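**Q** I have a structure I would like to understand better, so I am pasting it below and will then ask my questions one at a time.
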Amino acid sequence: MQSLDTLPRPTKAYHSHAYDRLSPSKSKFDGKGKTVLVTGGSEGIGLSIARSFAEAGTSSIIIASRSAEKQAEAKKALEADFPNTEFQTIAASITDLPRVSEIMRSLGDLDIVVLNAAISHKQVPSVGVSLEDIEKTFHGNVIAPLHMVKEYLALPMPQSGSKTIVNISSAASHALVPGQIGYGPSKAAFVNILQHMSREYTPEKDGVRFFSVHPGVFLTTLAKDAGVPENAFAWEDIQVPGHFTVWLAGPESDFLHGKFVWAQWDVDELIEQKEKIEKVEKVEFLPSFLQLGLQL
């Protein structure tokens with residue numbers, strides 16, 4: 001059973017379980033009057049994120065996923081727990097690009113988009129993965145979320161004056177994982193796209209923020225469908241990525257714009273490195289601290 005807390009990281013503390021500093025009810029994120037869209041939000045990591053935003057007092061949360069049945073179950077549970085938050089559901093696949101365009105243009109004010117929906121092929125030796133599966137994986141994990149980001153950026157700025165995109169990525173984007181020839185590289189490709197876009201759009205100039213996050217390791221439906229064994233990892237608390245995403249949506253995280261971070265890294269230790277991160281960020285053209293790319 002593998003535990004990811006043994007891998008190199010920029011913080012001493014590694015939080016496999018929820019911790020008080022990131023409790024959504026104590027968050028500096030102000031959800032009043034804000035709308036959050038979570039793709040793949042009816043179960044697993046996406047549902048944890050939707051629940052955390054509701055706990056933080058977000059006014060409106062939109063859950064988009066393919067399964068209307070799972071959406072209905074999630075909506076019913078969330079409405080019972082958070083009666084002061086409005087919940088909407090949209091049954092659609094992010095790979096249906098015309099449908100996504102139609103949806104995005106109909107939503108009005110949208111403050112935060114959490115790109116959580118993902119696709120993975122079976123975890124098998126590389127020669128056993130068909131090119132069709134590779135194409136589907138890249139379409140779902142690169143083309144589809146990029147299309148959604150472009151549609152979101154084309155929308156009018158919400159009344160809050162800020163747009164936040166949180167990409168729920170994976171450690172597989174920078175760790176070499178046998179049997180994941182399509183999933184890991186596709187996740188890495190989209191992280192790299194957002195790194196490029198983060199040099200075009202900035203919080204200061206445009207009111208736009210991009211973040212990419214490894215959420216942790218959980219035995220989700222996606223993992224099960226990919227054939228990940230139940231004893232593959234020391235599974236973590238699924239509340240952690242939800243709480244961390246709310247923190248990223250708040251006022252303390254601008255210095256991580258364009259960066260790749262893990263939800264388990266201690267936020268106060270990250271804040272302590274703010275000056276270092278901002279200094280390195282001034283290096284033009286080259287990937288730097290907490291970014292994917294060639295390090296020399």
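Just so we're on the same page: first chain in the structure tokens is A, next is B, and so on; residues restart at 1 for each chain, and ligands are numbered from 1 in the order they show up.
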Counting only C-alpha atoms, what is within 10 Å of Lys12 of chain A, bar same-chain residues fewer than 6 positions away, as a VMD selection string?

**A** chain A and resid 5 265 to 266 269

**Q** How would the residues just chosen look if you wrote them out with N, CA and C atoms as an mmCIF file, in the first residue's frame?

**A**
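Final file, again.cif:
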```
data_model
loop_
_atom_site.group_PDB
_atom_site.id
_atom_site.type_symbol
_atom_site.label_atom_id
_atom_site.label_comp_id
_atom_site.auth_asym_id
_atom_site.auth_seq_id
_atom_site.Cartn_x
_atom_site.Cartn_y
_atom_site.Cartn_z
ATOM 1 N N ASP A 5 2.576 10.674 1.027
ATOM 2 C CA ASP A 5 3.210 11.661 1.900
ATOM 3 C C ASP A 5 4.716 11.462 1.998
ATOM 4 N N TRP A 265 -0.883 19.887 1.073
ATOM 5 C CA TRP A 265 0.193 20.757 1.552
ATOM 6 C C TRP A 265 -0.371 21.808 2.501
ATOM 7 N N ASP A 266 0.360 22.102 3.536
ATOM 8 C CA ASP A 266 -0.098 23.034 4.564
ATOM 9 C C ASP A 266 -0.153 24.463 4.011
ATOM 10 N N GLU A 269 2.277 27.118 5.561
ATOM 11 C CA GLU A 269 3.654 26.953 5.091
ATOM 12 C C GLU A 269 3.802 27.456 3.659
#
```

**Q** Write out as a ChimeraX atom specification which residues come within 12 Å of Ser160 of chain A when counting only C-alpha atoms, dropping same-chain ones fewer than 6 positions away.

**A** /A:30-35,109-112,207-208,250

**Q** Please write the residues from the selection above to a file, keeping C-alpha atoms, as an mmCIF file, in the first residue's frame.

**A**
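Listed below is the output, selection-v2.cif:
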```
data_model
loop_
_atom_site.group_PDB
_atom_site.id
_atom_site.type_symbol
_atom_site.label_atom_id
_atom_site.label_comp_id
_atom_site.auth_asym_id
_atom_site.auth_seq_id
_atom_site.Cartn_x
_atom_site.Cartn_y
_atom_site.Cartn_z
ATOM 1 C CA ASP A 30 -16.888 35.165 1.032
ATOM 2 C CA GLY A 31 -19.513 33.137 -0.802
ATOM 3 C CA LYS A 32 -22.338 35.628 -0.391
ATOM 4 C CA GLY A 33 -23.717 36.567 -3.803
ATOM 5 C CA LYS A 34 -21.325 34.217 -5.602
ATOM 6 C CA THR A 35 -22.013 31.367 -8.010
ATOM 7 C CA ASP A 109 -22.756 35.734 -13.383
ATOM 8 C CA LEU A 110 -20.275 32.960 -12.693
ATOM 9 C CA ASP A 111 -17.519 33.580 -10.165
ATOM 10 C CA ILE A 112 -15.738 30.236 -9.878
ATOM 11 C CA GLY A 207 -9.134 39.711 -12.415
ATOM 12 C CA VAL A 208 -8.554 36.114 -13.549
ATOM 13 C CA GLY A 250 -10.505 33.053 -1.264
#
```

**Q** Which of segment 20-111 of chain A counts as helix (DSSP H, G or I) under DSSP, as a PyMOL selection string please?

**A** chain A and resi 20-22+24-26+44-55+68-81+97-106

**Q** Excluding segment 73-82 of chain A and its own-chain neighbours fewer than 4 positions away, which residues fall within 8 Å of it when counting only C-alpha atoms? Please give them as a count of residues only.

**A** 11

**Q** Among the residues of segment 68-144 of chain A, find those DSSP assigns to strand (DSSP E) from the backbone and print them as a count of residues only.

**A** 10

**Q** Here is a test: counting only C-alpha atoms, which residue of A:Ser101, A:Thr95, A:Gln159, A:Gln180 is nearest to Val124 of chain A?

**A**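 Nearest candidate to Val124 of chain A out of A:Ser101, A:Thr95, A:Gln159, A:Gln180: A:Gln180.
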
**Q** Pick the closest to His196 of chain A from A:Gly161, A:Gly179, A:Gly258, A:Gly184: which is it, counting only C-alpha atoms?

**A**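 Residue with the minimum atom-to-atom distance to His196 of chain A: A:Gly258.
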
**Q** For His257 of chain A, which residue out of A:Ser169, A:Gln195, A:Thr6, A:Ser52 is the nearest one, using only C-alpha atoms?

**A** A:Gln195

**Q** Restricting the calculation to only C-alpha atoms, which member of A:Asp20, A:Leu107, A:Leu115, A:Gly44 is positioned closest to Ser60 of chain A?

**A** A:Leu107

**Q** What's the 9 Å shell around Gly40 of chain A, counting only C-alpha atoms, without same-chain residues fewer than 3 positions away, as a JSON list (two decimals) with C-alpha atoms, in the first residue's frame?

**A**
```json
[["chain", "number", "residue", "atom", "x", "y", "z"],
["A", 43, "GLU", "CA", -20.17, 12.35, -6.44],
["A", 44, "GLY", "CA", -16.65, 11.82, -5.13],
["A", 45, "ILE", "CA", -14.24, 14.74, -5.19],
["A", 46, "GLY", "CA", -16.68, 17.02, -7.02],
["A", 47, "LEU", "CA", -19.40, 16.47, -4.44],
["A", 63, "ILE", "CA", -23.50, 20.81, -10.33],
["A", 64, "ALA", "CA", -22.82, 19.53, -13.83],
["A", 65, "SER", "CA", -22.36, 15.84, -14.59],
["A", 66, "ARG", "CA", -23.56, 13.13, -16.93],
["A", 93, "SER", "CA", -20.97, 15.72, -20.62],
["A", 94, "ILE", "CA", -18.07, 18.16, -20.84],
["A", 115, "LEU", "CA", -12.95, 21.63, -13.53],
["A", 116, "ASN", "CA", -13.28, 18.29, -11.82],
["A", 117, "ALA", "CA", -14.79, 15.98, -14.47],
["A", 118, "ALA", "CA", -12.20, 13.64, -15.96]]
```

**Q** In terms of the shortest atom-to-atom distance over only C-alpha atoms, which of A:Gly182, A:Pro98, A:Pro156, A:Pro8 is closest to Asp133 of chain A?

**A**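 Residue with the minimum atom-to-atom distance to Asp133 of chain A: A:Gly182.
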
**Q** By how many Å are atom CA of Pro145 of chain A and atom CA of Ala72 of chain A apart?

**A**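 These two atoms are separated by 23.7 Å.
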
**Q** Write out as a VMD selection string the residues lying within 9 Å of segment 188-194 of chain A, counting only C-alpha atoms and excluding same-chain residues fewer than 4 positions away.

**A** chain A and resid 138 141 to 143 145 to 146 167 169 to 170 172 to 174 183 to 184 198 to 199 210 to 212 258 to 260 291 to 293

**Q** For the selection you just gave me, I'd like the residues written to a file as an mmCIF file, in the first residue's frame, keeping N, CA and C atoms.

**A**
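Just written: result_7.cif:
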```cif
data_model
loop_
_atom_site.group_PDB
_atom_site.id
_atom_site.type_symbol
_atom_site.label_atom_id
_atom_site.label_comp_id
_atom_site.auth_asym_id
_atom_site.auth_seq_id
_atom_site.Cartn_x
_atom_site.Cartn_y
_atom_site.Cartn_z
ATOM 1 N N PHE A 138 -7.589 12.200 -23.997
ATOM 2 C CA PHE A 138 -7.093 13.554 -24.246
ATOM 3 C C PHE A 138 -8.238 14.512 -24.571
ATOM 4 N N ASN A 141 -9.840 15.238 -21.116
ATOM 5 C CA ASN A 141 -9.006 15.883 -20.100
ATOM 6 C C ASN A 141 -8.252 17.110 -20.592
ATOM 7 N N VAL A 142 -8.278 17.362 -21.894
ATOM 8 C CA VAL A 142 -7.565 18.528 -22.445
ATOM 9 C C VAL A 142 -8.519 19.409 -23.264
ATOM 10 N N ILE A 143 -9.050 18.862 -24.343
ATOM 11 C CA ILE A 143 -9.877 19.664 -25.253
ATOM 12 C C ILE A 143 -11.140 20.166 -24.558
ATOM 13 N N PRO A 145 -12.019 20.545 -21.197
ATOM 14 C CA PRO A 145 -11.869 21.605 -20.199
ATOM 15 C C PRO A 145 -11.326 22.906 -20.780
ATOM 16 N N LEU A 146 -10.467 22.814 -21.802
ATOM 17 C CA LEU A 146 -9.983 24.037 -22.451
ATOM 18 C C LEU A 146 -11.145 24.780 -23.097
ATOM 19 N N ASN A 167 -8.493 23.867 -11.546
ATOM 20 C CA ASN A 167 -8.364 22.631 -12.298
ATOM 21 C C ASN A 167 -8.007 21.498 -11.343
ATOM 22 N N SER A 169 -6.562 18.369 -10.942
ATOM 23 C CA SER A 169 -5.650 17.594 -11.770
ATOM 24 C C SER A 169 -5.287 16.286 -11.073
ATOM 25 N N SER A 170 -4.034 15.908 -11.125
ATOM 26 C CA SER A 170 -3.598 14.645 -10.528
ATOM 27 C C SER A 170 -2.086 14.633 -10.395
ATOM 28 N N ALA A 172 -0.487 12.248 -11.142
ATOM 29 C CA ALA A 172 -0.067 11.515 -12.339
ATOM 30 C C ALA A 172 0.424 12.448 -13.436
ATOM 31 N N SER A 173 0.136 13.742 -13.311
ATOM 32 C CA SER A 173 0.604 14.709 -14.308
ATOM 33 C C SER A 173 2.097 14.972 -14.186
ATOM 34 N N HIS A 174 2.674 14.705 -13.020
ATOM 35 C CA HIS A 174 4.117 14.920 -12.868
ATOM 36 C C HIS A 174 4.848 13.724 -12.271
ATOM 37 N N TYR A 183 -3.793 8.882 -19.257
ATOM 38 C CA TYR A 183 -4.340 9.725 -18.189
ATOM 39 C C TYR A 183 -3.318 10.739 -17.683
ATOM 40 N N GLY A 184 -2.147 10.270 -17.259
ATOM 41 C CA GLY A 184 -1.143 11.182 -16.708
ATOM 42 C C GLY A 184 -0.711 12.250 -17.697
ATOM 43 N N SER A 198 -1.849 31.522 -17.747
ATOM 44 C CA SER A 198 -1.643 32.350 -16.551
ATOM 45 C C SER A 198 -0.669 33.488 -16.806
ATOM 46 N N ARG A 199 0.119 33.395 -17.884
ATOM 47 C CA ARG A 199 0.993 34.508 -18.261
ATOM 48 C C ARG A 199 0.244 35.543 -19.097
ATOM 49 N N PHE A 210 -5.894 31.237 -12.181
ATOM 50 C CA PHE A 210 -5.857 29.814 -12.532
ATOM 51 C C PHE A 210 -5.100 29.049 -11.452
ATOM 52 N N PHE A 211 -5.631 27.914 -11.055
ATOM 53 C CA PHE A 211 -4.936 27.027 -10.127
ATOM 54 C C PHE A 211 -5.107 25.587 -10.602
ATOM 55 N N SER A 212 -4.058 24.784 -10.452
ATOM 56 C CA SER A 212 -4.158 23.347 -10.699
ATOM 57 C C SER A 212 -3.835 22.618 -9.410
ATOM 58 N N GLY A 258 -1.521 30.253 -11.435
ATOM 59 C CA GLY A 258 -0.751 29.541 -12.442
ATOM 60 C C GLY A 258 0.063 28.381 -11.920
ATOM 61 N N LYS A 259 -0.042 28.094 -10.632
ATOM 62 C CA LYS A 259 0.788 27.056 -10.021
ATOM 63 C C LYS A 259 0.051 25.724 -9.908
ATOM 64 N N PHE A 260 0.849 24.685 -9.685
ATOM 65 C CA PHE A 260 0.336 23.346 -9.402
ATOM 66 C C PHE A 260 0.631 23.047 -7.943
ATOM 67 N N GLN A 291 5.619 24.558 -10.869
ATOM 68 C CA GLN A 291 5.101 24.454 -12.229
ATOM 69 C C GLN A 291 5.703 23.232 -12.906
ATOM 70 N N LEU A 292 5.006 22.714 -13.918
ATOM 71 C CA LEU A 292 5.519 21.578 -14.665
ATOM 72 C C LEU A 292 6.468 22.061 -15.741
ATOM 73 N N GLY A 293 7.545 21.308 -15.983
ATOM 74 C CA GLY A 293 8.476 21.667 -17.036
ATOM 75 C C GLY A 293 9.879 21.201 -16.720
#
```

**Q** Rounded to one decimal place, report the atom CA of Leu176 of chain A-atom CA of Ile238 of chain A distance in Å.

**A** 23.1 Å

**Q** Compare A:Ala175, A:Val240, A:Ile168, A:Ile61 by their minimum atom-to-atom distance to His214 of chain A, counting only C-alpha atoms, and give me the closest one.

**A** A:Ile168

**Q** Please indicate the distance in Å from atom CA of Arg99 of chain A to atom CA of Lys163 of chain A, rounded to one decimal place.

**A**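 Computed distance, atom CA of Arg99 of chain A to atom CA of Lys163 of chain A, equals 21.5 Å.
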
**Q** Neighbours of Glu272 of chain A within 12 Å (only C-alpha atoms; same-chain residues fewer than 4 positions away dropped), as a PyMOL selection string?

**A** chain A and resi 10-12+252-253+255+266-268+276-278
